[in-house]
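*Asks:* Input structure: my_file-v5.txt, which contains compact mmCIF, C-alpha atoms and all ligand atoms.
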```txt
# COMPACT_ATOMS: atom_id res chain seq x y z
CA MET A 1 -2.53 30.43 -4.10
CA THR A 2 -4.70 32.15 -1.52
CA LEU A 3 -6.93 30.40 0.99
CA ALA A 4 -10.01 31.77 -0.78
CA GLU A 5 -8.82 30.35 -4.11
CA LEU A 6 -8.23 26.97 -2.53
CA GLN A 7 -11.66 26.98 -0.93
CA ALA A 8 -13.11 27.71 -4.36
CA LEU A 9 -11.20 24.70 -5.71
CA ASP A 10 -12.73 22.55 -2.98
CA ARG A 11 -16.22 23.68 -3.95
CA THR A 12 -15.78 22.46 -7.54
CA ASP A 13 -13.78 19.32 -6.72
CA PRO A 14 -15.71 16.27 -8.03
CA LEU A 15 -14.26 14.12 -5.21
CA ALA A 16 -15.25 16.56 -2.45
CA PRO A 17 -18.45 14.69 -1.48
CA LYS A 18 -16.35 11.61 -0.62
CA ARG A 19 -14.96 13.32 2.46
CA ALA A 20 -18.36 13.02 4.16
CA GLU A 21 -18.07 9.23 3.86
CA PHE A 22 -15.21 9.24 6.40
CA LEU A 23 -15.14 9.76 10.14
CA LEU A 24 -12.35 12.25 10.74
CA PRO A 25 -11.44 13.75 14.11
CA GLU A 26 -12.38 17.41 14.45
CA GLY A 27 -9.56 19.84 13.76
CA VAL A 28 -7.08 17.20 12.62
CA ILE A 29 -5.41 17.34 9.22
CA TYR A 30 -4.59 13.74 8.47
CA LEU A 31 -1.57 13.30 6.23
CA ASP A 32 -0.81 9.70 7.14
CA GLY A 33 -3.31 7.75 5.06
CA ASN A 34 -0.27 6.17 3.41
CA SER A 35 0.35 4.31 6.66
CA LEU A 36 -3.15 3.83 8.09
CA GLY A 37 -6.15 4.98 6.06
CA ALA A 38 -8.99 6.89 7.77
CA LEU A 39 -12.20 5.19 8.90
CA PRO A 40 -15.03 5.05 6.34
CA LYS A 41 -18.40 5.48 8.06
CA ARG A 42 -19.86 2.49 6.28
CA VAL A 43 -17.26 0.28 7.99
CA VAL A 44 -18.78 1.17 11.36
CA ALA A 45 -22.23 0.15 10.12
CA ARG A 46 -20.89 -3.04 8.53
CA MET A 47 -19.07 -4.07 11.68
CA GLU A 48 -22.26 -3.63 13.65
CA GLN A 49 -24.13 -5.80 11.16
CA VAL A 50 -21.50 -8.54 10.90
CA VAL A 51 -20.98 -8.79 14.64
CA GLN A 52 -24.54 -8.40 15.89
CA ALA A 53 -26.69 -9.83 13.13
CA GLU A 54 -24.42 -12.25 11.29
CA TRP A 55 -22.11 -13.66 13.96
CA GLY A 56 -24.55 -12.98 16.80
CA GLN A 57 -27.72 -14.32 15.26
CA SER A 58 -26.89 -16.51 12.28
CA LEU A 59 -23.76 -17.98 13.87
CA ILE A 60 -22.09 -20.66 11.74
CA LYS A 61 -24.82 -20.53 9.10
CA SER A 62 -23.31 -17.19 8.08
CA TRP A 63 -20.51 -18.86 6.13
CA ASN A 64 -23.12 -19.66 3.47
CA LEU A 65 -26.02 -17.40 4.40
CA HIS A 66 -23.97 -14.20 4.45
CA GLY A 67 -21.29 -15.28 1.98
CA TRP A 68 -18.40 -15.27 4.47
CA ILE A 69 -16.68 -18.08 2.61
CA ASP A 70 -16.45 -16.05 -0.60
CA LEU A 71 -15.15 -12.86 1.03
CA PRO A 72 -11.51 -13.29 -0.10
CA GLN A 73 -12.58 -13.53 -3.74
CA ARG A 74 -15.21 -10.80 -3.51
CA VAL A 75 -12.78 -8.40 -1.91
CA GLY A 76 -10.08 -9.42 -4.40
CA ALA A 77 -12.41 -8.64 -7.31
CA ARG A 78 -13.06 -5.14 -5.96
CA ILE A 79 -9.33 -4.48 -5.61
CA ALA A 80 -8.73 -5.85 -9.13
CA ARG A 81 -10.62 -2.92 -10.67
CA LEU A 82 -8.29 -0.48 -8.93
CA ILE A 83 -5.06 -2.14 -10.09
CA GLY A 84 -5.77 -3.00 -13.71
CA ALA A 85 -6.40 -6.71 -13.18
CA GLU A 86 -9.25 -9.15 -13.86
CA PRO A 87 -11.49 -10.12 -10.93
CA ASP A 88 -10.20 -13.71 -10.90
CA GLU A 89 -6.55 -12.62 -10.72
CA VAL A 90 -6.69 -11.01 -7.26
CA ILE A 91 -7.51 -12.43 -3.85
CA ALA A 92 -7.52 -10.89 -0.38
CA ALA A 93 -5.60 -12.83 2.24
CA ASP A 94 -3.06 -12.72 5.04
CA SER A 95 -0.55 -9.85 5.31
CA THR A 96 1.55 -8.32 2.56
CA SER A 97 4.64 -10.00 3.99
CA VAL A 98 3.04 -13.45 3.96
CA ASN A 99 1.68 -12.92 0.45
CA LEU A 100 5.12 -11.90 -0.74
CA PHE A 101 6.53 -15.09 0.75
CA LYS A 102 3.95 -17.12 -1.17
CA VAL A 103 4.41 -15.47 -4.55
CA LEU A 104 8.20 -15.15 -4.34
CA LEU A 105 8.61 -18.83 -3.56
CA ALA A 106 6.18 -19.73 -6.35
CA ALA A 107 7.93 -17.41 -8.82
CA LEU A 108 11.36 -18.91 -8.07
CA GLU A 109 9.90 -22.34 -8.74
CA LEU A 110 8.83 -21.09 -12.18
CA ARG A 111 12.44 -20.17 -12.99
CA PRO A 112 14.29 -23.24 -11.69
CA GLY A 113 17.67 -22.70 -13.37
CA ARG A 114 18.06 -19.12 -12.16
CA ARG A 115 19.56 -18.10 -8.85
CA VAL A 116 19.30 -14.32 -8.52
CA ILE A 117 16.65 -12.15 -6.85
CA VAL A 118 17.00 -8.45 -7.75
CA SER A 119 15.57 -5.65 -5.64
CA ASP A 120 16.17 -2.09 -4.49
CA ILE A 121 18.27 -1.86 -1.31
CA ASP A 122 15.89 0.92 -0.23
CA ASN A 123 12.81 -1.28 -0.63
CA PHE A 124 10.54 -1.57 2.40
CA PRO A 125 12.48 -3.81 4.80
CA THR A 126 9.84 -6.54 5.06
CA ASP A 127 10.24 -7.22 1.34
CA LEU A 128 13.99 -7.60 1.74
CA TYR A 129 13.59 -9.72 4.87
CA ILE A 130 11.18 -12.12 3.13
CA ALA A 131 13.67 -12.56 0.27
CA GLN A 132 16.44 -13.23 2.80
CA GLY A 133 14.34 -15.87 4.54
CA ILE A 134 13.50 -17.60 1.29
CA ALA A 135 17.12 -17.51 0.10
CA GLU A 136 18.13 -19.21 3.34
CA LEU A 137 15.33 -21.75 3.10
CA ARG A 138 16.13 -22.71 -0.49
CA GLY A 139 19.91 -22.23 -0.43
CA GLY A 140 22.11 -21.21 -3.34
CA TYR A 141 20.44 -17.88 -4.14
CA GLU A 142 22.13 -14.53 -4.66
CA LEU A 143 20.28 -11.49 -3.34
CA ARG A 144 21.21 -8.61 -5.59
CA PHE A 145 19.95 -5.58 -3.67
CA VAL A 146 21.15 -2.41 -5.41
CA LYS A 147 20.43 1.31 -5.61
CA LYS A 148 17.63 2.42 -7.95
CA ASP A 149 19.95 3.63 -10.67
CA GLN A 150 21.75 0.26 -10.76
CA LEU A 151 18.67 -1.90 -11.18
CA GLU A 152 18.85 -2.09 -14.92
CA GLU A 153 22.41 -3.37 -15.00
CA ALA A 154 21.64 -5.79 -12.16
CA LEU A 155 19.27 -7.71 -14.41
CA ASP A 156 20.85 -10.56 -16.36
CA GLU A 157 20.26 -14.11 -17.61
CA GLN A 158 20.69 -15.42 -14.05
CA THR A 159 17.87 -13.27 -12.69
CA ALA A 160 14.86 -15.28 -11.60
CA VAL A 161 12.79 -12.44 -10.13
CA LEU A 162 12.77 -8.65 -10.07
CA MET A 163 10.93 -7.61 -6.92
CA LEU A 164 10.09 -3.93 -6.35
CA THR A 165 7.68 -1.65 -4.51
CA GLU A 166 6.08 0.63 -7.07
CA VAL A 167 6.17 3.72 -4.81
CA ASP A 168 9.17 4.11 -2.50
CA TYR A 169 7.78 4.30 1.05
CA ARG A 170 10.29 6.97 2.13
CA THR A 171 10.64 9.32 -0.82
CA GLY A 172 7.44 8.67 -2.76
CA TYR A 173 9.51 7.90 -5.88
CA LEU A 174 7.30 6.17 -8.46
CA TYR A 175 9.01 3.49 -10.53
CA ASP A 176 8.43 3.05 -14.22
CA MET A 177 6.53 -0.22 -13.91
CA ALA A 178 6.11 -0.65 -17.67
CA ARG A 179 9.80 -0.27 -18.45
CA LEU A 180 11.21 -2.31 -15.59
CA THR A 181 8.75 -5.13 -16.17
CA ARG A 182 9.72 -5.19 -19.83
CA LEU A 183 13.47 -5.12 -19.10
CA ALA A 184 13.19 -7.94 -16.57
CA GLN A 185 11.09 -10.06 -18.88
CA GLN A 186 13.49 -9.48 -21.79
CA LYS A 187 16.10 -11.21 -19.61
CA GLY A 188 13.63 -14.03 -18.96
CA ALA A 189 12.91 -13.01 -15.34
CA LEU A 190 9.55 -12.71 -13.59
CA THR A 191 8.34 -9.55 -11.84
CA ILE A 192 6.73 -9.06 -8.44
CA TRP A 193 5.40 -5.59 -7.64
CA ASP A 194 4.49 -4.49 -4.11
CA LEU A 195 1.57 -2.08 -4.45
CA ALA A 196 1.39 -1.09 -0.76
CA HIS A 197 1.72 2.60 -1.61
CA SER A 198 -0.06 2.57 -4.95
CA ALA A 199 -3.30 0.56 -4.67
CA GLY A 200 -6.06 3.13 -4.17
CA ALA A 201 -3.57 6.00 -4.54
CA LEU A 202 -2.97 6.04 -8.28
CA PRO A 203 -4.02 4.10 -11.39
CA VAL A 204 -2.10 0.81 -11.60
CA GLN A 205 -2.14 -1.16 -14.86
CA LEU A 206 -0.85 -4.63 -14.00
CA ASN A 207 -2.16 -6.37 -17.11
CA ARG A 208 -1.38 -3.57 -19.50
CA HIS A 209 2.26 -3.84 -18.43
CA GLY A 210 2.27 -7.64 -18.37
CA VAL A 211 3.19 -7.89 -14.68
CA ASP A 212 3.51 -11.47 -13.40
CA PHE A 213 2.76 -11.18 -9.67
CA ALA A 214 1.83 -8.45 -7.21
CA VAL A 215 1.02 -7.97 -3.53
CA GLY A 216 -0.32 -5.04 -1.53
CA CYS A 217 -1.82 -3.70 1.70
CA GLY A 218 -5.47 -3.26 2.66
CA TYR A 219 -4.95 -0.72 5.44
CA LYS A 220 -3.32 2.22 3.65
CA TYR A 221 -5.08 3.89 0.71
CA LEU A 222 -7.76 1.17 0.69
CA ASN A 223 -8.81 2.20 4.23
CA GLY A 224 -9.53 -1.34 5.46
CA GLY A 225 -8.43 -0.62 9.05
CA PRO A 226 -5.43 -1.51 11.20
CA GLY A 227 -4.02 -4.88 10.16
CA ALA A 228 -6.59 -5.24 7.36
CA PRO A 229 -6.10 -8.24 5.08
CA ALA A 230 -3.63 -7.76 2.26
CA PHE A 231 -4.03 -8.98 -1.33
CA LEU A 232 -2.12 -10.79 -4.01
CA PHE A 233 -2.29 -10.89 -7.80
CA VAL A 234 -1.27 -13.73 -10.10
CA ALA A 235 -1.57 -13.11 -13.85
CA ARG A 236 -3.99 -15.61 -15.34
CA ARG A 237 -1.29 -17.11 -17.58
CA HIS A 238 0.66 -18.23 -14.49
CA GLN A 239 -2.16 -19.47 -12.31
CA GLU A 240 -2.11 -23.11 -13.33
CA ALA A 241 1.66 -23.43 -12.95
CA THR A 242 1.88 -21.40 -9.72
CA ARG A 243 2.63 -23.83 -6.92
CA PRO A 244 1.39 -23.04 -3.46
CA PHE A 245 3.88 -23.91 -0.71
CA LEU A 246 1.81 -22.78 2.27
CA THR A 247 -0.55 -25.60 1.52
CA GLY A 248 -3.39 -24.96 3.94
CA TRP A 249 -6.87 -26.36 3.64
CA MET A 250 -8.45 -23.16 2.30
CA GLY A 251 -6.22 -23.48 -0.77
CA HIS A 252 -7.40 -27.04 -1.37
CA GLN A 253 -9.64 -27.92 -4.33
CA ALA A 254 -12.30 -29.21 -1.97
CA PRO A 255 -11.66 -28.02 1.60
CA PHE A 256 -14.83 -29.62 2.89
CA ALA A 257 -14.07 -33.03 1.42
CA PHE A 258 -11.54 -33.38 4.28
CA VAL A 259 -9.27 -35.77 2.34
CA PRO A 260 -5.71 -36.37 3.53
CA GLU A 261 -4.00 -35.54 0.22
CA TYR A 262 -3.42 -31.92 -0.75
CA LEU A 263 -4.72 -30.90 -4.17
CA PRO A 264 -4.43 -27.21 -5.04
CA ALA A 265 -7.55 -25.27 -5.99
CA LEU A 266 -7.83 -24.76 -9.73
CA ASP A 267 -7.88 -20.98 -9.43
CA ILE A 268 -6.24 -18.22 -7.40
CA ARG A 269 -7.74 -19.65 -4.20
CA ARG A 270 -4.75 -22.03 -4.16
CA LEU A 271 -2.76 -19.12 -2.70
CA THR A 272 -4.98 -18.85 0.35
CA VAL A 273 -4.03 -20.78 3.44
CA GLY A 274 -6.37 -20.78 6.45
CA THR A 275 -9.72 -19.38 7.53
CA PRO A 276 -10.15 -15.75 6.50
CA GLY A 277 -10.52 -13.14 9.24
CA VAL A 278 -14.19 -12.44 8.57
CA LEU A 279 -14.41 -9.26 10.66
CA SER A 280 -11.43 -7.55 9.08
CA MET A 281 -12.31 -8.86 5.60
CA SER A 282 -15.82 -7.42 6.01
CA ALA A 283 -14.38 -4.09 7.11
CA LEU A 284 -12.15 -4.01 4.03
CA GLU A 285 -15.07 -4.95 1.78
CA ALA A 286 -17.13 -2.05 3.14
CA ALA A 287 -14.16 0.34 2.83
CA LEU A 288 -13.77 -0.60 -0.83
CA GLU A 289 -17.37 0.37 -1.52
CA VAL A 290 -16.22 3.98 -1.07
CA PHE A 291 -14.38 3.59 -4.40
CA GLU A 292 -17.62 2.80 -6.28
CA GLY A 293 -18.13 5.34 -9.04
CA VAL A 294 -14.62 6.71 -8.52
CA GLU A 295 -12.15 6.50 -11.40
CA MET A 296 -8.50 6.17 -10.40
CA GLU A 297 -7.58 8.81 -13.02
CA GLN A 298 -9.71 11.29 -11.03
CA VAL A 299 -7.92 10.32 -7.84
CA ARG A 300 -4.57 10.72 -9.54
CA GLN A 301 -5.38 14.15 -10.89
CA LYS A 302 -6.35 15.45 -7.47
CA SER A 303 -3.41 13.71 -5.80
CA LEU A 304 -0.96 15.48 -8.12
CA GLN A 305 -2.67 18.81 -7.52
CA LEU A 306 -2.51 18.32 -3.75
CA THR A 307 1.15 17.31 -3.77
CA ASP A 308 2.08 20.10 -6.23
CA LEU A 309 0.33 22.59 -3.97
CA PHE A 310 2.09 21.30 -0.87
CA ILE A 311 5.51 21.49 -2.55
CA GLU A 312 4.74 25.01 -3.78
CA LEU A 313 3.54 26.30 -0.39
CA MET A 314 6.53 24.67 1.30
CA GLU A 315 9.11 26.49 -0.88
CA PRO A 316 9.65 29.45 1.49
CA LEU A 317 9.80 27.17 4.55
CA ALA A 318 12.20 24.81 2.80
CA ALA A 319 14.53 27.71 2.06
CA ARG A 320 14.23 29.27 5.53
CA TYR A 321 14.42 26.17 7.70
CA GLY A 322 16.44 23.74 5.58
CA PHE A 323 13.82 21.19 4.52
CA GLN A 324 15.14 19.24 1.55
CA LEU A 325 12.58 17.87 -0.86
CA ALA A 326 13.14 14.11 -1.22
CA THR A 327 10.21 13.51 -3.56
CA PRO A 328 10.55 13.89 -7.34
CA ARG A 329 8.94 16.99 -8.79
CA GLU A 330 8.15 15.21 -12.06
CA HIS A 331 4.60 13.95 -11.99
CA HIS A 332 5.41 10.66 -13.66
CA ARG A 333 7.97 9.82 -10.93
CA ARG A 334 5.83 10.82 -7.92
CA GLY A 335 3.41 8.72 -5.86
CA SER A 336 0.81 10.28 -3.55
CA GLN A 337 3.13 11.51 -0.82
CA VAL A 338 5.69 14.24 -0.28
CA ALA A 339 8.80 13.75 1.84
CA TYR A 340 11.38 16.20 3.16
CA ARG A 341 14.73 15.51 4.74
CA HIS A 342 15.66 17.44 7.86
CA PRO A 343 18.26 16.52 10.53
CA GLU A 344 15.66 17.34 13.24
CA GLY A 345 12.86 15.55 11.40
CA TYR A 346 11.68 13.45 14.32
CA ALA A 347 11.25 16.36 16.73
CA ILE A 348 9.63 18.55 14.10
CA MET A 349 7.12 15.86 13.21
CA GLN A 350 6.25 15.24 16.87
CA ALA A 351 5.64 18.96 17.37
CA LEU A 352 3.54 19.16 14.21
CA ILE A 353 1.44 16.18 15.30
CA SER A 354 0.84 17.91 18.62
CA GLN A 355 -0.62 20.79 16.59
CA GLY A 356 -3.09 18.51 14.80
CA VAL A 357 -1.24 17.84 11.55
CA VAL A 358 -0.54 14.12 11.42
CA GLY A 359 2.28 12.99 9.16
CA ASP A 360 5.05 10.59 10.11
CA PHE A 361 8.80 10.25 10.41
CA ARG A 362 10.97 7.63 8.74
CA ALA A 363 14.53 7.11 9.86
CA PRO A 364 17.02 8.53 9.44
CA ASP A 365 15.69 12.01 8.57
CA ILE A 366 12.47 11.87 6.54
CA LEU A 367 9.29 13.79 7.31
CA ARG A 368 6.54 12.10 5.33
CA PHE A 369 3.20 13.56 4.28
CA GLY A 370 0.63 11.31 2.59
CA PHE A 371 -2.16 12.79 0.45
CA THR A 372 -5.40 10.88 0.17
CA PRO A 373 -7.66 12.60 -2.37
CA LEU A 374 -10.85 10.94 -1.09
CA TYR A 375 -10.85 12.81 2.20
CA LEU A 376 -8.39 15.70 1.91
CA ARG A 377 -9.27 19.22 0.86
CA TYR A 378 -7.05 21.77 -0.88
CA GLU A 379 -7.74 23.97 2.10
CA ASP A 380 -6.17 21.34 4.39
CA VAL A 381 -2.88 21.62 2.52
CA TYR A 382 -2.81 25.35 3.17
CA HIS A 383 -3.48 24.95 6.90
CA ALA A 384 -0.95 22.12 7.23
CA VAL A 385 1.83 24.31 5.86
CA GLN A 386 0.72 27.22 8.05
CA ARG A 387 0.87 25.07 11.16
CA LEU A 388 4.30 23.78 10.21
CA GLU A 389 5.46 27.34 9.81
CA GLN A 390 4.17 28.13 13.33
CA VAL A 391 5.95 25.08 14.73
CA MET A 392 9.23 26.25 13.20
CA GLN A 393 8.80 29.92 14.01
CA SER A 394 7.77 29.40 17.63
CA GLY A 395 10.58 26.92 18.29
CA LEU A 396 7.97 24.46 19.56
CA TRP A 397 9.80 21.64 17.82
CA GLN A 398 12.80 22.10 20.13
CA GLU A 399 10.72 20.96 23.07
CA ALA A 400 10.18 17.62 21.33
CA ARG A 401 13.89 17.12 20.72
CA PHE A 402 14.74 15.26 23.88
CA GLN A 403 11.54 13.27 24.19
CA GLU A 404 11.81 9.52 24.14
CA ARG A 405 10.98 8.12 20.71
CA ALA A 406 7.61 6.45 20.35
CA LYS A 407 7.61 2.69 19.87
CA VAL A 408 5.63 2.98 16.65
CA THR A 409 6.37 5.85 14.32
C1 LIG B 1 5.97 -1.43 0.74
C2 LIG B 1 5.42 -2.16 1.91
N1 LIG B 1 5.32 -3.50 1.87
C3 LIG B 1 4.85 -4.19 2.92
C4 LIG B 1 4.45 -3.55 4.07
C5 LIG B 1 4.07 -4.36 5.29
O1 LIG B 1 3.06 -5.19 5.06
P1 LIG B 1 2.44 -6.15 6.19
O2 LIG B 1 2.69 -5.53 7.51
O3 LIG B 1 0.99 -6.19 5.79
O4 LIG B 1 3.06 -7.46 6.03
C6 LIG B 1 4.48 -2.15 4.14
C7 LIG B 1 4.03 -1.39 5.35
O5 LIG B 1 3.80 -1.83 6.40
C8 LIG B 1 5.00 -1.46 3.05
O6 LIG B 1 5.13 -0.13 3.09
N1 LIG B 2 1.84 -1.43 9.15
C1 LIG B 2 2.20 -0.53 10.07
C2 LIG B 2 2.05 -0.81 11.43
O1 LIG B 2 1.53 -2.01 11.78
C3 LIG B 2 2.42 0.11 12.39
C4 LIG B 2 2.95 1.33 11.98
C5 LIG B 2 3.12 1.62 10.64
C6 LIG B 2 2.78 0.68 9.71
C7 LIG B 2 3.01 0.93 8.28
O2 LIG B 2 2.19 0.61 7.50
C8 LIG B 2 4.27 1.53 7.87
C9 LIG B 2 4.27 1.76 6.40
N2 LIG B 2 4.30 0.54 5.65
C10 LIG B 2 5.36 2.65 5.92
O3 LIG B 2 5.39 2.92 4.73
O4 LIG B 2 6.18 3.11 6.66
```
How does this structure look as structure tokens?
*Replies:*
Amino acid sequence: MTLAELQALDRTDPLAPKRAEFLLPEGVIYLDGNSLGALPKRVVARMEQVVQAEWGQSLIKSWNLHGWIDLPQRVGARIARLIGAEPDEVIAADSTSVNLFKVLLAALELRPGRRVIVSDIDNFPTDLYIAQGIAELRGGYELRFVKKDQLEEALDEQTAVLMLTEVDYRTGYLYDMARLTRLAQQKGALTIWDLAHSAGALPVQLNRHGVDFAVGCGYKYLNGGPGAPAFLFVARRHQEATRPFLTGWMGHQAPFAFVPEYLPALDIRRLTVGTPGVLSMSALEAALEVFEGVEMEQVRQKSLQLTDLFIELMEPLAARYGFQLATPREHHRRGSQVAYRHPEGYAIMQALISQGVVGDFRAPDILRFGFTPLYLRYEDVYHAVQRLEQVMQSGLWQEARFQERAKVT
């Protein structure tokens, strides 16, 4: 497609007006919203209000006056709409890792006779680390971490939990949530889905597929800001039996009764622990307002068009410079990112970033490009590929080869 054709597409794109709701640096094409979402303008205004007016003027009265105490549930309810859940099944809290710890421990308790946790060996490491920690804490568990194509046969009558990330953080591979949930449940196991790379990126249907538990990030496609609170989902049918083990006072039935005995809250609040981070929760709440009036099907349609376009425009470069597509071409197996393998991936990405196209690198050899339909234009995809071509043609990437690796990639 030509640049003029892509600009015409941008003019008729129903999501195009959303871009103006973000603060984006001039001249930068941001393809890393799958790691840290861009800044919604309304977050800036909300921060000003929460800090100056609420904290500054109303001080402690704000917990009631400005609804600080209900933020985790309010934010959870907004996320619920995006992931196919009911408002009372989702709560914002802690980090994804901590939430995974809470729901994995609770899920194992719901399957007491079973001793196996199944996951993908290529899952995001924190998920695997949390399972390792829990297995050590509880003792007697087998961690069955296998390749994607062995997952099905790894499930058996000993399996307590199948724990997966819906979109593979490296390749963008999108799991069949419906099928894997069904297969696990047919064996009597429970499912935990990590939605870090799917919430806000594509339509998720937790209840339609009968998912038991889920967790996810607030700072990627939900744009809540660095270290934004994460969220967790517990299907209503499990809420009463789900035991909290991080039994902090915010998960108590009556936190302000200050009684010595722990009694879990009667609803999903039992999976909260301590005082919510009001500033970051407020930022996430404001960021989620950007999704008002947006249907996830719309987002998905544009996301697939953007990623299709990128793959298409990359074909000649892939052939000439040896980029190997690591992301499935099939729409139903692709998340909202495109990844290429290249032995010089790190240097190439550093050079590309220096030219204003921000993607990232994942060891050992993956160049990763995230596509966020709320603030990306079709035109951006064209320019991103052009700049990559310049980086390769000019040999600029070779200058980055011997640079020291950044601490955070
Ligand atoms: C799939 C997945 N799960 C979990 C995390 C980490 O979550 P947190 O740092 O909020 O614990 C990430 C990214 O950081 C991720 O990609
Ligand atoms: N959470 C991150 C951080 O604190 C620093 C740098 C990157 C991140 C990320 O989110 C990484 C991301 N989960 C990934 O898919 O690689």
*Asks:* Identify, on the basis of only C-alpha atoms, every residue whose closest approach to A:Met163 does not exceed 10 Å; exclude the query and any residue fewer than 6 positions from it along the same chain; express the result as JSON, numbers by chain.
*Replies:* {"A": [100, 104, 117, 118, 119, 120, 123, 127, 128, 131, 145, 181, 184, 190, 191, 192, 193, 194, 213, 214]}
*Asks:* With only C-alpha atoms and all ligand atoms counted, collect every polymer residue having an atom within 6 Å of ligand LIG 2 (chain B); state the result as a ChimeraX atom specification.
*Replies:* /A:35,169,408
*Asks:* To check your reading of the model: which residues sit at most 7 Å from ligand LIG 1 (chain B) when counting all atoms listed in the file? Write the answer as a PyMOL selection string.
*Replies:* chain A and resi 35+95-98+123-124+126-127+165+169+194-197+216-217+227+230
*Asks:* Could you dump the residues just selected with C-alpha atoms as a CSV table (one decimal), in the coordinates of the input?
*Replies:*
```csv
chain,number,residue,atom,x,y,z
A,35,SER,CA,0.4,4.3,6.7
A,95,SER,CA,-0.6,-9.8,5.3
A,96,THR,CA,1.6,-8.3,2.6
A,97,SER,CA,4.6,-10.0,4.0
A,98,VAL,CA,3.0,-13.4,4.0
A,123,ASN,CA,12.8,-1.3,-0.6
A,124,PHE,CA,10.5,-1.6,2.4
A,126,THR,CA,9.8,-6.5,5.1
A,127,ASP,CA,10.2,-7.2,1.3
A,165,THR,CA,7.7,-1.6,-4.5
A,169,TYR,CA,7.8,4.3,1.0
A,194,ASP,CA,4.5,-4.5,-4.1
A,195,LEU,CA,1.6,-2.1,-4.4
A,196,ALA,CA,1.4,-1.1,-0.8
A,197,HIS,CA,1.7,2.6,-1.6
A,216,GLY,CA,-0.3,-5.0,-1.5
A,217,CYS,CA,-1.8,-3.7,1.7
A,227,GLY,CA,-4.0,-4.9,10.2
A,230,ALA,CA,-3.6,-7.8,2.3
```
*Asks:* Of the candidates A:Met296, A:Ala189, A:Leu108, A:Asp88, which one gets nearest to A:Gly140 if we count only C-alpha atoms?
*Replies:*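 Residue with the minimum atom-to-atom distance to A:Gly140: A:Leu108.
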*Asks:* Compare A:Ile79, A:Ile366, A:Val357, A:Ile121 by their minimum atom-to-atom distance to A:Gly27, counting all atoms listed in the file, and give me the closest one.
*Replies:*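 Closest candidate: A:Val357.
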*Asks:* Need the shell around A:His332: protein/DNA/RNA residues with any atom at most 9 Å away, counting only C-alpha atoms. Skip same-chain ones fewer than 6 positions apart. Format as a PyMOL selection string?
*Replies:* chain A and resi 174-176
*Asks:* Between atom CA of A:Leu39 and atom CA of A:Pro14, what is the spacing in Å?
*Replies:* 20.5 Å
*Asks:* List the neighbours of A:Gly322 out to 9 Å using all atoms listed in the file; skip same-chain residues closer than 4 positions along the sequence, and give me the result as a compact mmCIF listing (two decimals) with C-alpha atoms, in the frame of the given file.
*Replies:*
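Everything below was put into out.txt:
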```txt
# COMPACT_ATOMS: atom_id res chain seq x y z
CA LEU A 317 9.80 27.17 4.55
CA ALA A 318 12.20 24.81 2.80
CA ARG A 341 14.73 15.51 4.74
CA HIS A 342 15.66 17.44 7.86
CA PRO A 343 18.26 16.52 10.53
```
*Asks:* Between atom CA of A:Leu263 and atom CA of A:Gly251, measure the distance and give it in Å to one decimal.
*Replies:* 8.3 Å
*Asks:* Nearest to A:Ala106 among A:Arg144, A:His252, A:Arg270, A:Lys220, with distances taken over all atoms listed in the file: which residue is it?
*Replies:*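 Checking each of A:Arg144, A:His252, A:Arg270, A:Lys220 against A:Ala106, counting all atoms listed in the file, the winner is A:Arg270.
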*Asks:* For a test of reading the model, state the distance in Å between atom CA of A:Leu162 and atom CA of A:Val116, rounded to one decimal.
*Replies:*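 Here the two named atoms are 8.8 Å from each other.
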*Asks:* Can you pull out every residue within 12 Å of A:Ala178, counting only C-alpha atoms, but drop anything in the same chain fewer than 5 positions away, and send it as a VMD selection string?
*Replies:* chain A and resid 166 183 to 185 191 193 204 to 212
*Asks:* Would you kindly identify which residues have an atom no farther than 6 Å from (8.5, 16.3, -5.7), using only C-alpha atoms and the file's own coordinates, and write them out as a PDB file with C-alpha atoms, in the coordinates of the input?
*Replies:*
```pdb
ATOM      1  CA  THR A 327      10.210  13.510  -3.560  1.00  0.00           C
ATOM      2  CA  PRO A 328      10.550  13.890  -7.340  1.00  0.00           C
ATOM      3  CA  ARG A 329       8.940  16.990  -8.790  1.00  0.00           C
TER       4      ARG A 329
END
```
*Asks:* Would you please work out which residue, of A:Thr171, A:Phe233, A:Leu306, A:Glu261, is nearest to A:Arg362 when using all atoms listed in the file?
*Replies:*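 The closest residue to A:Arg362 is A:Thr171.
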*Asks:* Residues proximal to (-18.1, 9.7, 4.6) were defined as those with any atom within 10 Å of that point in the file's coordinates, counting all atoms listed in the file. Which are they, as a ChimeraX atom specification?
*Replies:* /A:17-24,39-42,290,374-375
*Asks:* Using all atoms listed in the file, pick whichever of A:Tyr340, A:Val28, A:Ile83, A:Pro125 has the shortest atom-to-atom distance to A:Ser354.
*Replies:*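 Nearest to A:Ser354: A:Val28.
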